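Peer 1: Contents of protein_23.txt (compact mmCIF, C-alpha atoms and all ligand atoms):
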```
# COMPACT_ATOMS: atom_id res chain seq x y z
CA MET A 28 167.07 152.18 118.45
CA LYS A 29 168.60 151.95 114.99
CA ILE A 30 166.17 151.57 112.10
CA ALA A 31 166.78 151.09 108.36
CA ILE A 32 164.43 151.69 105.45
CA VAL A 33 165.17 149.73 102.28
CA GLY A 34 163.47 151.30 99.26
CA ALA A 35 163.37 154.77 100.83
CA SER A 36 162.68 156.59 97.54
CA GLY A 37 159.58 154.50 96.74
CA ALA A 38 155.95 155.26 97.49
CA VAL A 39 155.94 153.04 100.59
CA GLY A 40 159.47 154.10 101.60
CA GLN A 41 158.42 157.75 101.60
CA GLU A 42 155.41 156.86 103.73
CA PHE A 43 157.69 155.05 106.20
CA LEU A 44 159.58 158.33 106.63
CA LYS A 45 156.37 160.32 107.19
CA ILE A 46 154.94 157.82 109.67
CA LEU A 47 158.16 157.36 111.67
CA GLU A 48 158.48 161.15 111.85
CA THR A 49 155.25 161.37 113.82
CA ARG A 50 155.31 158.23 115.98
CA PRO A 51 156.68 158.30 119.53
CA ILE A 52 159.47 155.83 118.69
CA GLN A 53 162.89 156.77 119.97
CA ILE A 54 165.14 156.53 116.90
CA ASP A 55 168.85 157.10 117.51
CA GLU A 56 169.82 156.49 113.92
CA LEU A 57 167.88 156.02 110.69
CA LEU A 58 169.61 154.49 107.67
CA LEU A 59 168.13 154.71 104.17
CA PHE A 60 168.91 152.29 101.34
CA GLY A 61 168.15 152.13 97.63
CA SER A 62 169.54 151.04 94.29
CA GLU A 63 171.99 153.05 92.14
CA ARG A 64 169.01 155.15 91.05
CA SER A 65 168.52 156.85 94.43
CA ALA A 66 171.83 156.20 96.25
CA GLY A 67 173.44 159.53 97.15
CA SER A 68 170.18 161.47 97.25
CA THR A 69 169.05 162.88 100.58
CA TYR A 70 165.79 162.93 102.55
CA LYS A 71 164.95 164.99 105.63
CA PHE A 72 164.06 163.14 108.81
CA ARG A 73 163.37 164.91 112.12
CA GLY A 74 165.29 167.94 110.90
CA LYS A 75 168.37 166.10 109.59
CA ASP A 76 169.41 165.25 106.02
CA ILE A 77 169.98 161.53 105.54
CA THR A 78 171.82 160.26 102.45
CA VAL A 79 170.52 157.11 100.76
CA LYS A 80 173.12 154.33 100.78
CA LEU A 81 173.50 151.76 98.04
CA LEU A 82 172.11 148.39 99.15
CA GLN A 83 175.00 145.95 98.91
CA HIS A 84 176.14 142.62 100.33
CA ASN A 85 178.22 144.00 103.21
CA ASP A 86 177.88 144.65 106.97
CA ASP A 87 175.85 147.87 106.77
CA PHE A 88 173.06 146.31 108.84
CA LYS A 89 175.29 145.52 111.84
CA GLY A 90 173.69 147.12 114.89
CA VAL A 91 170.41 147.85 113.09
CA ASP A 92 167.45 146.70 115.21
CA PHE A 93 164.73 146.79 112.56
CA ALA A 94 164.80 147.04 108.77
CA LEU A 95 161.59 148.10 107.04
CA THR A 96 161.95 146.77 103.50
CA SER A 97 159.86 147.72 100.50
CA ALA A 98 161.99 147.30 97.39
CA GLY A 99 160.21 144.45 95.60
CA GLY A 100 160.24 140.69 96.12
CA GLY A 101 163.42 140.13 94.11
CA THR A 102 165.41 142.54 96.26
CA SER A 103 164.06 141.00 99.49
CA LYS A 104 164.97 137.50 98.32
CA GLU A 105 168.44 138.58 97.29
CA TYR A 106 169.26 140.60 100.42
CA TRP A 107 167.39 139.00 103.34
CA GLN A 108 170.48 137.20 104.64
CA THR A 109 172.62 140.33 104.38
CA ILE A 110 169.94 142.26 106.27
CA THR A 111 169.28 139.70 109.04
CA LYS A 112 172.71 138.11 109.54
CA HIS A 113 173.65 140.33 112.51
CA GLY A 114 170.27 139.96 114.24
CA THR A 115 168.30 142.72 112.50
CA ILE A 116 164.55 142.01 112.34
CA MET A 117 163.38 142.53 108.77
CA ILE A 118 159.75 143.64 108.36
CA ASP A 119 159.22 142.95 104.70
CA ASN A 120 156.55 144.52 102.57
CA SER A 121 157.09 142.27 99.55
CA SER A 122 155.34 138.98 98.79
CA ALA A 123 158.66 137.07 98.85
CA PHE A 124 158.24 135.26 102.18
CA ARG A 125 154.59 135.71 103.13
CA MET A 126 153.52 132.11 102.78
CA GLU A 127 156.67 130.52 104.18
CA GLU A 128 155.97 128.53 107.35
CA ASP A 129 158.81 130.01 109.38
CA VAL A 130 157.84 133.60 108.53
CA PRO A 131 154.94 135.17 110.45
CA LEU A 132 152.45 137.18 108.41
CA VAL A 133 151.06 139.88 110.66
CA VAL A 134 148.26 142.42 110.94
CA PRO A 135 148.54 143.67 114.55
CA GLU A 136 144.76 144.07 115.06
CA VAL A 137 144.36 140.38 114.19
CA ASN A 138 147.48 138.36 115.09
CA ALA A 139 150.07 140.61 116.77
CA ALA A 140 151.36 137.70 118.87
CA ASP A 141 152.57 135.84 115.75
CA ALA A 142 155.28 138.49 115.27
CA ARG A 143 157.08 137.25 118.38
CA ASN A 144 157.99 133.98 116.70
CA ALA A 145 160.21 134.91 113.75
CA PRO A 146 162.95 132.27 113.62
CA ARG A 147 164.48 133.65 110.43
CA GLY A 148 164.34 137.25 111.62
CA ILE A 149 161.76 138.03 108.94
CA ILE A 150 158.21 139.22 109.55
CA ALA A 151 156.08 139.61 106.45
CA ASN A 152 153.70 142.48 105.90
CA PRO A 153 150.64 141.12 104.05
CA ASN A 154 149.24 142.16 100.71
CA CYS A 155 147.52 145.55 100.88
CA THR A 156 144.02 144.40 99.90
CA THR A 157 144.26 141.52 102.36
CA ILE A 158 145.32 143.77 105.26
CA GLN A 159 142.30 146.06 105.03
CA MET A 160 139.92 143.15 104.51
CA VAL A 161 141.13 141.11 107.50
CA VAL A 162 140.95 144.12 109.83
CA ALA A 163 137.22 144.24 108.98
CA LEU A 164 136.67 140.47 108.81
CA GLN A 165 138.20 139.86 112.23
CA VAL A 166 135.48 142.04 113.77
CA LEU A 167 132.78 139.76 112.32
CA GLU A 168 134.76 136.58 113.03
CA ARG A 169 134.57 137.45 116.75
CA LEU A 170 130.76 137.39 116.43
CA SER A 171 130.47 134.22 114.35
CA HIS A 172 132.91 132.10 112.38
CA ILE A 173 133.20 133.23 108.75
CA ARG A 174 132.90 130.34 106.32
CA ARG A 175 133.42 132.15 103.05
CA VAL A 176 133.92 135.54 101.49
CA HIS A 177 133.33 136.90 98.01
CA VAL A 178 135.15 140.13 97.32
CA SER A 179 135.63 142.52 94.40
CA THR A 180 138.37 145.07 94.82
CA TYR A 181 138.71 148.56 93.36
CA GLN A 182 142.45 149.12 93.66
CA SER A 183 144.12 152.47 93.12
CA ALA A 184 147.18 153.32 91.05
CA SER A 185 149.26 153.66 94.22
CA GLY A 186 149.26 149.86 94.49
CA ALA A 187 151.72 149.91 91.60
CA GLY A 188 154.07 152.25 93.49
CA ALA A 189 155.23 155.77 92.74
CA GLN A 190 155.54 154.97 89.03
CA GLY A 191 151.94 153.74 88.92
CA MET A 192 150.64 157.03 90.31
CA ALA A 193 152.87 159.02 87.93
CA GLU A 194 151.54 157.02 84.98
CA LEU A 195 147.91 157.82 85.85
CA VAL A 196 148.70 161.55 86.11
CA GLU A 197 150.62 161.42 82.83
CA GLN A 198 147.84 159.55 80.99
CA ASN A 199 145.22 162.08 82.13
CA ARG A 200 147.40 164.95 80.91
CA GLU A 201 148.13 163.23 77.59
CA LEU A 202 144.43 162.57 76.98
CA VAL A 203 143.51 166.20 77.72
CA GLU A 204 146.21 167.30 75.27
CA GLY A 205 144.90 164.89 72.60
CA GLN A 206 147.98 162.64 72.72
CA GLU A 207 148.21 158.84 72.78
CA PRO A 208 148.50 157.83 76.49
CA THR A 209 151.76 156.23 77.59
CA VAL A 210 151.29 152.70 78.99
CA ARG A 211 154.20 151.24 80.98
CA LYS A 212 153.23 149.99 84.42
CA PHE A 213 149.70 148.72 83.75
CA ALA A 214 148.55 146.21 81.12
CA TYR A 215 146.32 148.86 79.47
CA GLN A 216 145.51 152.56 79.69
CA LEU A 217 144.18 153.09 83.23
CA ALA A 218 142.79 156.63 82.80
CA TYR A 219 139.03 156.43 81.98
CA ASN A 220 139.23 152.64 82.31
CA VAL A 221 139.12 149.75 84.81
CA ILE A 222 141.46 146.76 84.43
CA PRO A 223 140.38 143.39 85.94
CA HIS A 224 143.96 142.23 86.19
CA ILE A 225 146.44 142.83 89.05
CA ASP A 226 149.71 140.88 89.27
CA VAL A 227 150.20 137.93 86.90
CA PHE A 228 147.71 135.18 86.00
CA ALA A 229 148.21 131.95 87.94
CA ASP A 230 146.19 128.79 88.71
CA ASP A 231 142.63 128.37 87.37
CA ASP A 232 142.77 131.79 85.69
CA TYR A 233 142.93 133.64 89.01
CA THR A 234 145.59 136.32 89.32
CA LYS A 235 148.29 136.08 91.97
CA GLU A 236 146.72 139.09 93.71
CA GLU A 237 143.44 137.17 94.00
CA LEU A 238 145.20 134.06 95.31
CA LYS A 239 147.07 136.18 97.88
CA MET A 240 143.68 137.19 99.28
CA PHE A 241 142.71 133.51 99.60
CA ASN A 242 145.96 132.22 101.12
CA GLU A 243 147.09 135.17 103.23
CA THR A 244 143.66 135.61 104.88
CA ARG A 245 143.75 131.99 106.08
CA LYS A 246 147.27 132.37 107.45
CA ILE A 247 146.65 135.68 109.26
CA MET A 248 143.29 134.64 110.73
CA HIS A 249 144.38 131.06 111.49
CA SER A 250 141.15 130.03 109.81
CA ASP A 251 139.71 127.66 107.20
CA ILE A 252 137.92 130.68 105.66
CA ARG A 253 137.63 130.62 101.85
CA VAL A 254 138.01 133.85 99.93
CA SER A 255 137.10 134.16 96.27
CA ALA A 256 138.32 137.50 94.89
CA THR A 257 138.22 139.53 91.70
CA CYS A 258 140.91 142.21 91.86
CA VAL A 259 140.42 145.27 89.69
CA ARG A 260 142.62 148.32 89.07
CA VAL A 261 140.62 151.57 88.92
CA PRO A 262 141.76 155.09 87.96
CA VAL A 263 141.90 156.28 91.58
CA MET A 264 145.16 157.77 92.79
CA ARG A 265 145.36 156.38 96.29
CA ALA A 266 143.31 154.13 98.67
CA HIS A 267 141.75 150.80 97.79
CA SER A 268 138.05 149.97 98.05
CA GLU A 269 136.45 146.55 98.44
CA SER A 270 132.95 145.19 98.09
CA VAL A 271 132.76 142.24 100.48
CA TRP A 272 130.13 139.46 100.93
CA VAL A 273 130.58 137.37 104.06
CA GLU A 274 128.86 134.10 105.00
CA THR A 275 128.96 133.34 108.72
CA GLU A 276 127.96 130.25 110.71
CA ARG A 277 125.06 132.12 112.30
CA PRO A 278 123.45 135.13 110.70
CA ILE A 279 124.82 138.52 111.86
CA SER A 280 122.36 141.39 111.60
CA PRO A 281 123.52 144.72 110.13
CA GLU A 282 122.84 146.36 113.52
CA GLU A 283 125.04 143.87 115.34
CA ALA A 284 127.78 144.32 112.73
CA ARG A 285 127.55 148.14 112.97
CA GLU A 286 127.90 148.02 116.74
CA ALA A 287 130.94 145.75 116.49
CA PHE A 288 132.61 147.85 113.78
CA ALA A 289 131.96 151.03 115.78
CA ARG A 290 133.92 149.58 118.71
CA ALA A 291 136.70 147.87 116.75
CA GLU A 292 140.37 148.83 116.85
CA GLY A 293 141.63 150.29 113.57
CA VAL A 294 138.13 150.62 112.07
CA VAL A 295 135.97 153.68 111.49
CA LEU A 296 132.28 153.06 110.86
CA CYS A 297 130.96 155.39 108.18
CA ASP A 298 127.51 154.11 107.37
CA ASN A 299 124.54 156.44 107.15
CA PRO A 300 122.69 156.03 103.84
CA ALA A 301 120.09 158.67 104.79
CA GLU A 302 122.85 161.28 104.86
CA GLN A 303 124.79 159.76 101.94
CA LYS A 304 127.58 158.76 104.32
CA TYR A 305 129.81 155.98 103.08
CA PRO A 306 133.59 155.68 102.69
CA MET A 307 135.24 156.82 99.45
CA PRO A 308 138.91 156.68 98.45
CA LEU A 309 139.08 160.39 97.65
CA PHE A 310 138.40 161.26 101.30
CA VAL A 311 140.24 158.33 102.90
CA ALA A 312 143.61 158.84 101.20
CA GLY A 313 146.29 159.79 103.72
CA ASN A 314 144.33 158.45 106.72
CA ASP A 315 145.20 155.50 108.95
CA PRO A 316 142.01 153.50 109.63
CA VAL A 317 139.98 151.02 107.63
CA TYR A 318 136.63 152.68 106.88
CA VAL A 319 133.53 150.45 106.72
CA GLY A 320 130.09 151.32 105.39
CA ARG A 321 127.15 150.18 103.21
CA ILE A 322 126.45 147.34 105.68
CA ARG A 323 123.45 145.28 104.54
CA LYS A 324 121.92 141.81 104.74
CA ASP A 325 122.87 139.73 101.74
CA LEU A 326 119.66 139.25 99.74
CA ALA A 327 120.97 136.03 98.22
CA ASN A 328 122.19 134.28 101.38
CA ASP A 329 120.39 133.95 104.75
CA ASN A 330 123.72 133.79 106.60
CA GLY A 331 125.22 136.55 104.50
CA LEU A 332 126.23 140.13 105.20
CA THR A 333 127.68 142.58 102.74
CA PHE A 334 129.73 145.73 103.28
CA TRP A 335 132.06 148.20 101.58
CA CYS A 336 135.47 149.04 102.98
CA VAL A 337 138.09 151.61 102.01
CA SER A 338 141.61 152.15 103.30
CA ASP A 339 144.76 153.94 102.21
CA GLN A 340 146.84 151.20 100.63
CA ILE A 341 150.16 152.97 101.26
CA ARG A 342 149.35 153.58 104.93
CA LYS A 343 147.41 150.71 106.56
CA GLY A 344 147.92 148.58 103.45
CA ALA A 345 151.70 148.88 103.67
CA ALA A 346 153.83 151.35 105.65
CA LEU A 347 151.57 151.88 108.67
CA ASN A 348 150.97 148.16 109.19
CA ALA A 349 154.74 147.54 109.11
CA VAL A 350 155.38 150.33 111.64
CA GLN A 351 152.59 148.96 113.86
CA ILE A 352 154.31 145.54 113.77
CA LEU A 353 157.53 147.25 114.85
CA GLU A 354 155.71 149.10 117.64
CA SER A 355 154.04 145.91 118.88
CA LEU A 356 157.48 144.26 119.10
CA ILE A 357 158.98 147.20 120.98
CA GLN A 358 156.13 147.04 123.48
P1 LIG B 401 165.55 153.20 93.77
O1 LIG B 401 164.66 154.37 93.54
O2 LIG B 401 166.91 153.56 94.28
O3 LIG B 401 165.62 152.25 92.59
P2 LIG B 401 158.09 151.76 94.28
O4 LIG B 401 157.41 150.59 94.96
O5 LIG B 401 157.43 153.06 94.59
O6 LIG B 401 158.26 151.51 92.81
O7 LIG B 401 159.57 151.85 94.91
C1 LIG B 401 160.49 150.78 94.85
C2 LIG B 401 161.64 151.06 95.79
O8 LIG B 401 162.51 149.91 95.79
C3 LIG B 401 162.49 152.24 95.41
O9 LIG B 401 162.85 152.96 96.56
C4 LIG B 401 163.74 151.60 94.80
O10 LIG B 401 164.91 152.36 94.98
C5 LIG B 401 163.85 150.35 95.62
N1 LIG B 401 164.63 149.32 94.93
C6 LIG B 401 164.32 148.65 93.81
N2 LIG B 401 165.31 147.77 93.48
C7 LIG B 401 166.26 147.89 94.44
C8 LIG B 401 167.52 147.26 94.68
N3 LIG B 401 168.02 146.34 93.87
N4 LIG B 401 168.24 147.65 95.76
C9 LIG B 401 167.75 148.60 96.59
N5 LIG B 401 166.57 149.24 96.42
C10 LIG B 401 165.83 148.88 95.36
```
Please express what this file holds, its structure, as structure tokens.
Ligand code: A2P

Peer 2:
Amino acid sequence: MKIAIVGASGAVGQEFLKILETRPIQIDELLLFGSERSAGSTYKFRGKDITVKLLQHNDDFKGVDFALTSAGGGTSKEYWQTITKHGTIMIDNSSAFRMEEDVPLVVPEVNAADARNAPRGIIANPNCTTIQMVVALQVLERLSHIRRVHVSTYQSASGAGAQGMAELVEQNRELVEGQEPTVRKFAYQLAYNVIPHIDVFADDDYTKEELKMFNETRKIMHSDIRVSATCVRVPVMRAHSESVWVETERPISPEEAREAFARAEGVVLCDNPAEQKYPMPLFVAGNDPVYVGRIRKDLANDNGLTFWCVSDQIRKGAALNAVQILESLIQ
């Protein structure tokens, strides 16, 4: 098995390395790629130093079985043919191809079988907030069809990559030292703030991030479900949280939902108000599952249920989901 990581120096790229290190996948050769910024630098993998190669239009991907790509949509669009032309399967973390008809969009707990039909050799990894939400929604969908969802997200700095996390650390330090905080990656100062704006504004004053949650959820779940989202950046380092309201065809009681979440693949139920047990990003960062808690009846909708879910955006929201797609294909 020959595997490549494109964007190895990035937040998701680094997580690919960590996850592959621990999974029982036989890897004969691992190739790392980046831009001029990281080409030539080395990373350790299973005891060996691997030098990052410059991503170029050449035959470097010949013989590579899978390429895990996380170097931005522009890079994926520019290089997908170079990466796939010799039969390499590209599992792409960017939003470049997610909604294209001949590209499957996959969350293994929900639609693993879709990954087997990838005519262009590209499988798209969904948006991070969508991944964690559909893992939870699919559990309820099996009980009763979900008609609509309202969701507010609380997305961490890690969603903006390694530079996003560095900016939050830097802003906190600057504020403590009485300096003006440096703002580069986010629209405004993120430290001591929340920013109701992720990705660019698009149709009807929704952001692209919010529209991804609408469109990608329908594609992954093969459903007419409607998702109305407000996506918010919060000064949390890592792991996204979501407050979700679901309307189902028949009412689902909190007890029934708890039982289903407790049994579900990829989900950890963490819901005991009496003991102040509920998921929080501080304690979820670095972990694999989607944590679900605060399950209640919706007071404003007889067919409604509301819950809170938290997951590490770099793991299940990105790198882990991509590796799980790869593993499902190997199986
Ligand atoms: P590099 O550091 O060499 O520029 P993050 O999401 O954390 O910001 O990381 C983005 C990743 O995408 C980095 O590893 C970066 O590599 C990589 N990248 C960005 N542009 C390119 C490109 N044109 N070719 C290859 N890798 C790229």

Peer 1: Could you check the closest approach to ligand LIG 401 (chain B) for each of A:Val79, A:Val317, A:Leu132, A:Val137 and tell me which residue wins, using only C-alpha atoms and all ligand atoms?

Peer 2: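 The closest residue to ligand LIG 401 (chain B) is A:Val79.
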
Peer 1: Using all atoms listed in the file, which residues sit within 10 Å of A:Met28 once same-chain residues fewer than 6 positions away are excluded, as number ranges by chain?

Peer 2: A: 52-57, 90-93, 357

Peer 1: Using only C-alpha atoms and all ligand atoms, find the one residue out of A:Lys212, A:His224, A:His172, A:Lys71 that sits nearest to ligand LIG 401 (chain B).

Peer 2: A:Lys212

Peer 1: May I ask you to write as a list of chain:residue names all residues lying at most 6 Å from ligand LIG 401 (chain B), with all atoms listed in the file counted?

Peer 2: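 Written in the requested form, the residues are A:Gly34, A:Ala35, A:Ser36, A:Gly37, A:Ala38, A:Gly61, A:Ser62, A:Glu63, A:Arg64, A:Ser65, A:Ala66, A:Leu82, A:Ser97, A:Ala98, A:Gly99, A:Thr102, A:Gly188, A:Ala189, A:Gln190.
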
Peer 1: Between A:Val337, A:Val162, A:Ile118, A:Val319, single out the one closest to A:Ile247, counting only C-alpha atoms.

Peer 2: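 Checking each candidate against A:Ile247, we get A:Val162 as the closest.
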
Peer 1: Rank nothing, just name the residue among A:Ala284, A:Ala94, A:Val295, A:Met248 nearest to A:Ala140, using all atoms listed in the file.

Peer 2: A:Met248
